[in-house]
file coords_39.cif (mmCIF, C-alpha atoms)
data_coords
loop_
_atom_site.label_atom_id
_atom_site.label_comp_id
_atom_site.auth_asym_id
_atom_site.auth_seq_id
_atom_site.Cartn_x
_atom_site.Cartn_y
_atom_site.Cartn_z
CA MET A 4 54.59 126.69 319.61
CA THR A 5 54.65 128.34 322.98
CA VAL A 6 52.06 131.01 323.52
CA ARG A 7 52.89 133.89 325.78
CA ALA A 8 50.01 135.67 327.43
CA LEU A 9 50.65 138.67 329.64
CA ILE A 10 47.97 139.84 332.03
CA ASN A 11 48.11 142.91 334.19
CA VAL A 12 45.58 142.95 337.03
CA PRO A 13 46.16 144.90 340.26
CA LYS A 14 46.94 142.51 343.13
CA LYS A 15 44.89 144.50 345.62
CA ALA A 16 41.92 146.82 345.29
CA LYS A 17 39.32 148.50 347.46
CA ARG A 18 35.76 147.20 347.17
CA GLY A 19 33.91 149.15 344.51
CA ASP A 20 37.03 150.49 342.80
CA VAL A 21 37.14 150.49 339.02
CA ILE A 22 40.26 148.53 338.08
CA GLU A 23 42.12 148.50 334.78
CA ILE A 24 42.98 145.15 333.20
CA LYS A 25 45.53 144.84 330.41
CA THR A 26 46.02 141.70 328.36
CA LEU A 27 48.49 140.81 325.64
CA ILE A 28 48.88 137.48 323.87
CA SER A 29 51.44 136.42 321.27
CA HIS A 30 49.69 135.44 318.04
CA VAL A 31 50.32 136.14 314.33
CA MET A 32 46.67 137.07 313.59
CA GLU A 33 47.12 136.01 309.95
CA THR A 34 44.25 137.62 308.04
CA GLY A 35 43.90 135.13 305.18
CA PHE A 36 44.06 138.03 302.72
CA ARG A 37 47.81 138.00 302.17
CA HIS A 38 49.90 136.17 299.58
CA SER A 39 53.35 134.74 300.20
CA THR A 40 56.24 135.53 297.84
CA ASN A 41 55.44 132.51 295.66
CA GLY A 42 51.94 133.87 295.13
CA GLN A 43 50.11 131.44 297.36
CA MET A 44 47.42 132.60 299.73
CA ILE A 45 48.49 132.37 303.37
CA PRO A 46 45.68 130.59 305.23
CA ARG A 47 43.74 132.46 307.87
CA ASP A 48 44.90 131.99 311.45
CA LEU A 49 43.15 134.31 313.88
CA ILE A 50 42.10 134.57 317.47
CA THR A 51 38.36 135.01 317.06
CA SER A 52 37.17 135.65 320.59
CA PHE A 53 38.36 136.65 324.02
CA ALA A 54 36.43 136.65 327.27
CA CYS A 55 37.10 137.44 330.91
CA THR A 56 35.14 135.97 333.81
CA TYR A 57 35.27 137.20 337.40
CA ASP A 58 34.43 134.37 339.79
CA GLY A 59 32.52 132.62 337.02
CA GLU A 60 30.54 135.66 335.85
CA THR A 61 31.40 137.00 332.40
CA ILE A 62 32.43 140.64 332.74
CA PHE A 63 33.97 141.24 329.32
CA GLU A 64 33.54 139.55 325.97
CA THR A 65 34.97 140.48 322.62
CA GLN A 66 35.02 139.24 319.06
CA PHE A 67 38.22 139.80 317.10
CA PHE A 68 38.33 140.36 313.34
CA PRO A 69 41.27 140.41 310.88
CA ALA A 70 41.59 144.15 311.55
CA ILE A 71 43.05 143.45 314.99
CA ALA A 72 46.85 143.79 314.93
CA ALA A 73 49.19 140.86 315.57
CA ASN A 74 49.71 140.03 319.26
CA PRO A 75 46.27 141.26 320.32
CA PHE A 76 46.38 143.77 323.13
CA VAL A 77 43.21 144.72 324.97
CA THR A 78 42.65 147.10 327.88
CA PHE A 79 39.34 147.14 329.70
CA TYR A 80 37.84 147.96 333.10
CA THR A 81 35.79 146.27 335.77
CA VAL A 82 34.53 146.93 339.27
CA ALA A 83 36.40 145.09 342.03
CA THR A 84 33.53 143.39 343.86
CA ALA A 85 35.13 140.62 345.90
CA SER A 86 38.40 138.74 346.32
CA GLY A 87 38.55 136.05 343.72
CA THR A 88 39.86 134.76 340.44
CA LEU A 89 39.73 136.33 337.02
CA THR A 90 39.85 133.85 334.17
CA PHE A 91 40.96 134.93 330.70
CA ARG A 92 40.22 132.81 327.68
CA TRP A 93 41.29 133.24 324.07
CA ILE A 94 39.79 131.05 321.33
CA GLY A 95 40.89 130.99 317.71
CA ASP A 96 41.33 129.13 314.43
CA ASN A 97 43.02 125.73 314.21
CA GLY A 98 41.93 124.75 317.70
CA PHE A 99 43.72 127.63 319.38
CA GLU A 100 42.70 127.93 323.01
CA VAL A 101 44.52 129.55 325.91
CA THR A 102 43.23 130.03 329.43
CA GLN A 103 44.98 132.04 332.12
CA GLU A 104 44.04 133.09 335.62
CA ALA A 105 44.82 136.00 337.87
CA LYS A 106 43.92 136.51 341.52
CA ILE A 107 42.77 139.72 343.10
CA ALA A 108 42.43 140.59 346.79
CA VAL A 109 39.62 143.04 347.56
CA GLU A 110 39.44 144.80 350.93
CA MET B 14 13.81 108.34 279.68
CA SER B 15 17.55 108.92 279.45
CA MET B 16 16.90 111.96 277.28
CA MET B 17 14.72 113.31 280.02
CA LYS B 18 17.49 112.87 282.61
CA ILE B 19 20.07 114.72 280.53
CA THR B 20 17.72 117.57 279.96
CA ARG B 21 17.00 117.76 283.64
CA ARG B 22 20.71 117.85 284.47
CA GLU B 23 21.35 120.52 281.90
CA VAL B 24 18.57 122.62 283.30
CA LEU B 25 19.94 122.25 286.84
CA LEU B 26 23.49 123.04 285.70
CA ALA B 27 22.33 126.15 283.89
CA GLY B 28 20.40 127.18 286.97
CA GLY B 29 23.45 126.62 289.17
CA LEU B 30 25.67 128.75 286.97
CA ALA B 31 23.12 131.52 286.94
CA ALA B 32 23.02 131.43 290.75
CA VAL B 33 26.83 131.69 290.94
CA GLY B 34 26.76 134.63 288.55
CA ALA B 35 24.19 136.36 290.71
CA THR B 36 26.26 135.89 293.88
CA ILE B 37 29.40 137.32 292.30
CA SER B 38 27.71 140.42 290.91
CA GLY B 39 25.90 140.84 294.23
CA SER B 40 29.11 140.85 296.28
CA ALA B 41 30.80 143.26 293.88
CA GLU B 42 28.01 145.73 294.49
CA ALA B 43 28.10 145.21 298.25
CA VAL B 44 31.75 146.28 298.50
CA THR B 45 30.96 149.97 298.04
CA GLY B 46 28.75 149.95 301.08
CA GLN B 47 30.53 147.19 303.01
CA MET B 48 30.67 149.24 306.20
CA GLU B 49 26.91 149.89 306.04
CA THR B 50 26.22 146.20 305.45
CA ALA B 51 28.44 145.21 308.38
CA ILE B 52 26.70 147.72 310.64
CA ARG B 53 23.30 146.38 309.57
CA ASN B 54 24.42 142.80 310.23
CA ALA B 55 25.73 143.66 313.68
CA ILE B 56 23.01 145.90 315.09
CA GLY B 57 20.15 146.07 312.58
CA THR B 58 18.82 149.43 311.46
CA PRO B 59 18.28 151.57 314.55
CA THR B 60 18.65 155.36 314.63
CA ILE B 61 22.29 156.08 315.37
CA ARG B 62 23.01 159.48 316.87
CA LYS B 63 26.33 161.32 316.96
CA GLY B 64 27.92 161.91 320.34
CA ARG B 65 28.63 160.29 323.72
CA VAL B 66 31.25 158.10 322.02
CA MET B 67 34.89 159.19 321.86
CA LEU B 68 36.94 157.35 319.25
CA ASP B 69 40.60 158.09 319.77
CA LEU B 70 42.96 157.31 316.89
CA PRO B 71 46.08 159.09 315.70
CA PRO B 72 45.12 161.37 312.75
CA LEU B 73 48.27 160.42 310.83
CA VAL B 74 49.63 156.88 310.93
CA GLU B 75 53.01 155.84 309.52
CA ASN B 76 52.47 152.11 309.78
CA GLY B 77 48.99 150.67 309.37
CA ASN B 78 49.99 147.36 310.94
CA THR B 79 49.59 148.52 314.52
CA VAL B 80 47.47 151.55 315.21
CA PRO B 81 46.54 152.24 318.83
CA MET B 82 42.82 152.81 319.23
CA THR B 83 40.76 153.79 322.27
CA VAL B 84 36.99 153.93 322.44
CA SER B 85 35.32 155.47 325.45
CA VAL B 86 31.63 156.06 325.98
CA ASP B 87 30.12 158.68 328.24
CA SER B 88 27.92 156.62 330.58
CA PRO B 89 27.45 156.42 334.36
CA MET B 90 27.68 152.59 334.12
CA THR B 91 25.05 152.01 336.81
CA LYS B 92 22.68 149.03 337.04
CA ASP B 93 20.01 150.68 334.91
CA ASN B 94 22.11 152.90 332.68
CA TYR B 95 25.12 151.28 331.09
CA VAL B 96 26.77 150.47 327.77
CA LYS B 97 25.81 147.05 326.46
CA ALA B 98 28.14 146.83 323.49
CA ILE B 99 30.71 148.69 321.44
CA HIS B 100 31.25 147.89 317.75
CA VAL B 101 34.00 149.35 315.57
CA PHE B 102 33.87 149.31 311.77
CA ASN B 103 36.24 150.34 308.99
CA GLU B 104 35.64 151.58 305.48
CA LYS B 105 38.42 150.14 303.32
CA ASN B 106 40.01 147.06 304.90
CA PRO B 107 39.26 143.77 303.09
CA GLN B 108 36.77 143.04 305.88
CA PRO B 109 34.59 145.79 307.41
CA ASN B 110 34.55 144.72 311.08
CA VAL B 111 37.27 145.72 313.52
CA ILE B 112 36.08 144.61 316.94
CA SER B 113 32.84 143.89 318.81
CA VAL B 114 32.79 144.12 322.59
CA ARG B 115 30.09 143.22 325.13
CA LEU B 116 30.13 145.18 328.35
CA GLY B 117 27.85 145.32 331.36
CA ALA B 118 27.07 147.38 334.44
CA ARG B 119 30.00 145.63 336.13
CA SER B 120 32.49 147.16 333.72
CA GLY B 121 32.55 150.35 335.77
CA ARG B 122 33.99 152.38 332.93
CA ALA B 123 33.00 152.04 329.29
CA THR B 124 36.47 152.30 327.84
CA ILE B 125 38.43 149.82 325.74
CA ALA B 126 41.82 150.07 324.09
CA THR B 127 43.44 147.83 321.50
CA ARG B 128 45.66 147.95 318.41
CA VAL B 129 44.21 147.70 314.93
CA ARG B 130 45.31 147.25 311.32
CA LEU B 131 44.41 149.78 308.65
CA ALA B 132 44.83 148.89 304.98
CA ASP B 133 44.36 152.44 303.68
CA THR B 134 43.55 156.04 304.53
CA GLN B 135 39.96 155.71 305.66
CA LYS B 136 37.16 156.47 308.08
CA ILE B 137 36.66 154.43 311.25
CA THR B 138 33.30 154.38 313.02
CA ALA B 139 32.59 153.30 316.59
CA ILE B 140 29.02 152.60 317.66
CA ALA B 141 27.87 152.12 321.25
CA GLU B 142 24.68 150.32 322.22
CA MET B 143 23.17 151.59 325.49
CA SER B 144 21.05 149.66 327.96
CA ASP B 145 18.08 151.92 327.12
CA GLY B 146 18.23 150.79 323.49
CA THR B 147 19.75 153.95 321.99
CA PHE B 148 22.78 153.93 319.70
CA TRP B 149 25.53 156.56 319.60
CA SER B 150 28.52 156.87 317.32
CA ASP B 151 31.74 158.66 316.51
CA THR B 152 33.75 158.67 313.28
CA GLN B 153 37.41 159.51 312.75
CA GLU B 154 39.40 159.84 309.57
CA VAL B 155 42.88 158.34 309.66
CA ILE B 156 45.60 159.00 307.08
CA VAL B 157 47.81 155.94 306.61
CA THR B 158 51.17 156.34 304.84
CA LEU B 159 52.26 152.68 304.95
CA ALA B 160 49.30 150.35 304.71
CA ALA B 161 48.92 147.06 306.51
CA CYS B 162 48.77 143.85 304.44
CA LEU B 163 51.04 145.21 301.70
CA GLU B 164 54.46 144.70 303.24
CA ASP B 165 56.88 142.28 301.57
CA LEU B 166 56.90 138.85 303.11
CA GLN B 167 60.10 137.02 303.85
CA PRO B 168 60.55 134.07 301.46
#
call {"tool": "encode", "arguments": {"input": "coords_39.cif", "output": "structure tokens"}}
result
Amino acid sequence: MTVRALINVPKKAKRGDVIEIKTLISHVMETGFRHSTNGQMIPRDLITSFACTYDGETIFETQFFPAIAANPFVTFYTVATASGTLTFRWIGDNGFEVTQEAKIAVE
Amino acid sequence: MSMMKITRREVLLAGGLAAVGATISGSAEAVTGQMETAIRNAIGTPTIRKGRVMLDLPPLVENGNTVPMTVSVDSPMTKDNYVKAIHVFNEKNPQPNVISVRLGARSGRATIATRVRLADTQKITAIAEMSDGTFWSDTQEVIVTLAACLEDLQP
């Protein structure tokens, strides 16, 4: 299964600016509370956590629960401190793990 | 000797069944206040005041499967005055938690947006934990016409 993760980080920012980061990842987020048409319980398959690090420092961390819609979409903010790399990491059930990076240039 | 063993096993079995019974009745009771229990598990029992938190949800939702939600907290987000965490809870989904977020002074703006699932018309509560140890909250009521989790699945 190919996982598509979309990340929207501004390419350039002024030092000290508050920047908006948008992330979207394709995932069913199966709650484990639903039954299929033959009456069987569909096993839980969730992304349980997501974190963003900016040059190694964690700037945003979240825990997902079944109440998060399929294809989890998260918008958050951070202060552009220095040029560097933002690393995004999603971890979930059944060994799900996706890591993506984005670069930002700060003037 | 063997008599003794059987008796012992019977006693243990009876005890085990009693314990199972207790757990089941306990969880049935907990459901009524599941949001309260979840809040207590997440943050303990501090004084939670109304205000400073803005929970933005549409008042009327046609499809509970994807409901846009924004939580923003009024905070200067400086080194010594910032939002540490935001927790969102629901009243009537099968599970009371929605999302838990850790922020810091580096966040710059204490705002998050995501999409949630709502199983029924219910109240949603967002609680923010500040760096000075105070807790603030906001609650919104959302009317859901088509609930999440109830749609027909493809065979």
call {"tool": "atom_distance", "arguments": {"input": "coords_39.cif", "atom1": "CA of Leu73 in chain B", "atom2": "CA of Phe79 in chain A"}}
result
24.7 Å
call {"tool": "closest_residue", "arguments": {"input": "coords_39.cif", "among": "B:Asn103, B:Thr79, B:Val155, B:Tyr95", "to": "chain A", "atoms": "all atoms listed in the file"}}
result
B:Thr79
call {"tool": "interface_residues", "arguments": {"input": "coords_39.cif", "of": "chain A", "to": "chain B", "cutoff": "8 Å", "atoms": "only C-alpha atoms", "output": "ChimeraX atom specification"}}
result
/A:21,36-37,39-41,62-73,75-82
call {"tool": "atom_distance", "arguments": {"input": "coords_39.cif", "atom1": "CA of Ile56 in chain B", "atom2": "CA of Thr26 in chain A"}}
result
26.9 Å
call {"tool": "atom_distance", "arguments": {"input": "coords_39.cif", "atom1": "CA of Lys15 in chain A", "atom2": "CA of Asp93 in chain B"}}
result
27.8 Å
call {"tool": "residues_near_point", "arguments": {"input": "coords_39.cif", "point": "(41.6, 135.5, 339.9)", "cutoff": "9 Å", "atoms": "all atoms listed in the file", "output": "list of chain:residue names"}}
result
A:Val12, A:Thr56, A:Tyr57, A:Asp58, A:Ser86, A:Gly87, A:Thr88, A:Leu89, A:Thr90, A:Glu104, A:Ala105, A:Lys106, A:Ile107, A:Ala108
call {"tool": "resolve_selection", "arguments": {"input": "coords_39.cif", "expression": "the PyMOL selection byres ((chain A and resi 84) around 7)", "output": "PyMOL selection string"}}
result
chain A and resi 18-19+82-83+85
call {"tool": "write_last_selection", "arguments": {"input": "coords_39.cif", "atoms": "C-alpha atoms", "output": "PDB file, in the coordinates of the input"}}
result
ATOM      1  CA  ARG A  18      35.760 147.200 347.170  1.00  0.00           C
ATOM      2  CA  GLY A  19      33.910 149.150 344.510  1.00  0.00           C
ATOM      3  CA  VAL A  82      34.530 146.930 339.270  1.00  0.00           C
ATOM      4  CA  ALA A  83      36.400 145.090 342.030  1.00  0.00           C
ATOM      5  CA  ALA A  85      35.130 140.620 345.900  1.00  0.00           C
TER       6      ALA A  85
END
call {"tool": "residues_near_point", "arguments": {"input": "coords_39.cif", "point": "(36.1, 159.7, 311.8)", "cutoff": "7 Å", "atoms": "only C-alpha atoms", "output": "number ranges by chain"}}
result
B: 136-138, 151-154
call {"tool": "closest_residue", "arguments": {"input": "coords_39.cif", "among": "B:Val84, B:Ala141, B:Met90, B:Ile156", "to": "Met67 in chain B", "atoms": "all atoms listed in the file"}}
result
B:Val84
call {"tool": "resolve_selection", "arguments": {"input": "coords_39.cif", "expression": "the PyMOL selection byres ((chain A and resi 50) around 8)", "output": "list in words"}}
result
His30, Met32, Asp48, Leu49, Thr51, Ser52, Phe53, Phe67, Trp93, Ile94, Gly95, Asp96 and Phe99 of chain A
call {"tool": "resolve_selection", "arguments": {"input": "coords_39.cif", "expression": "the PyMOL selection byres ((chain A and resi 29) around 8)", "output": "MDAnalysis selection string"}}
result
chainID A and resid 6:8 27:28 30:31 73:75
call {"tool": "closest_residue", "arguments": {"input": "coords_39.cif", "among": "A:Thr5, A:Gln43, A:Ile10, A:Thr34", "to": "Gln103 in chain A", "atoms": "all atoms listed in the file"}}
result
A:Ile10
call {"tool": "build_atoms", "arguments": {"input": "coords_39.cif", "residues": "range 145-162 of chain B", "atoms": "N, CA, C and O atoms", "output": "short mmCIF file (atom, residue, chain, number, x, y, z; two decimals), in the coordinates of the input"}}
result
data_model
loop_
_atom_site.label_atom_id
_atom_site.label_comp_id
_atom_site.auth_asym_id
_atom_site.auth_seq_id
_atom_site.Cartn_x
_atom_site.Cartn_y
_atom_site.Cartn_z
N ASP B 145 19.43 151.43 327.40
CA ASP B 145 18.08 151.92 327.12
C ASP B 145 17.70 151.76 325.64
O ASP B 145 16.65 152.23 325.21
N GLY B 146 18.57 151.09 324.87
CA GLY B 146 18.23 150.79 323.49
C GLY B 146 18.64 151.85 322.48
O GLY B 146 18.38 151.71 321.29
N THR B 147 19.30 152.92 322.93
CA THR B 147 19.75 153.95 321.99
C THR B 147 21.15 153.61 321.48
O THR B 147 21.90 152.87 322.13
N PHE B 148 21.48 154.16 320.32
CA PHE B 148 22.78 153.93 319.70
C PHE B 148 23.47 155.27 319.47
O PHE B 148 22.84 156.23 319.03
N TRP B 149 24.75 155.34 319.77
CA TRP B 149 25.53 156.56 319.60
C TRP B 149 26.80 156.21 318.85
O TRP B 149 27.31 155.10 318.95
N SER B 150 27.34 157.20 318.12
CA SER B 150 28.52 156.87 317.32
C SER B 150 29.51 158.02 317.23
O SER B 150 29.21 159.17 317.57
N ASP B 151 30.70 157.68 316.79
CA ASP B 151 31.74 158.66 316.51
C ASP B 151 32.55 158.14 315.32
O ASP B 151 32.73 156.94 315.18
N THR B 152 32.98 159.06 314.45
CA THR B 152 33.75 158.67 313.28
C THR B 152 35.03 159.49 313.21
O THR B 152 35.01 160.69 313.47
N GLN B 153 36.12 158.84 312.90
CA GLN B 153 37.41 159.51 312.75
C GLN B 153 38.01 159.15 311.41
O GLN B 153 37.89 158.01 310.97
N GLU B 154 38.69 160.12 310.81
CA GLU B 154 39.40 159.84 309.57
C GLU B 154 40.88 159.67 309.90
O GLU B 154 41.45 160.46 310.64
N VAL B 155 41.47 158.60 309.38
CA VAL B 155 42.88 158.34 309.66
C VAL B 155 43.64 158.30 308.34
O VAL B 155 43.23 157.63 307.39
N ILE B 156 44.75 159.03 308.28
CA ILE B 156 45.60 159.00 307.08
C ILE B 156 46.71 157.99 307.33
O ILE B 156 47.44 158.07 308.32
N VAL B 157 46.82 157.01 306.45
CA VAL B 157 47.81 155.94 306.61
C VAL B 157 48.85 156.07 305.50
O VAL B 157 48.50 156.08 304.32
N THR B 158 50.13 156.20 305.87
CA THR B 158 51.17 156.34 304.84
C THR B 158 51.71 154.98 304.39
O THR B 158 51.97 154.77 303.23
N LEU B 159 51.86 154.04 305.33
CA LEU B 159 52.26 152.68 304.95
C LEU B 159 51.16 151.74 305.38
O LEU B 159 50.93 151.55 306.57
N ALA B 160 50.47 151.16 304.39
CA ALA B 160 49.30 150.35 304.71
C ALA B 160 49.67 149.00 305.26
O ALA B 160 50.73 148.46 304.94
N ALA B 161 48.77 148.43 306.06
CA ALA B 161 48.92 147.06 306.51
C ALA B 161 48.64 146.14 305.33
O ALA B 161 48.04 146.55 304.34
N CYS B 162 49.05 144.92 305.41
CA CYS B 162 48.77 143.85 304.44
C CYS B 162 49.59 143.97 303.17
O CYS B 162 49.55 143.10 302.31
#
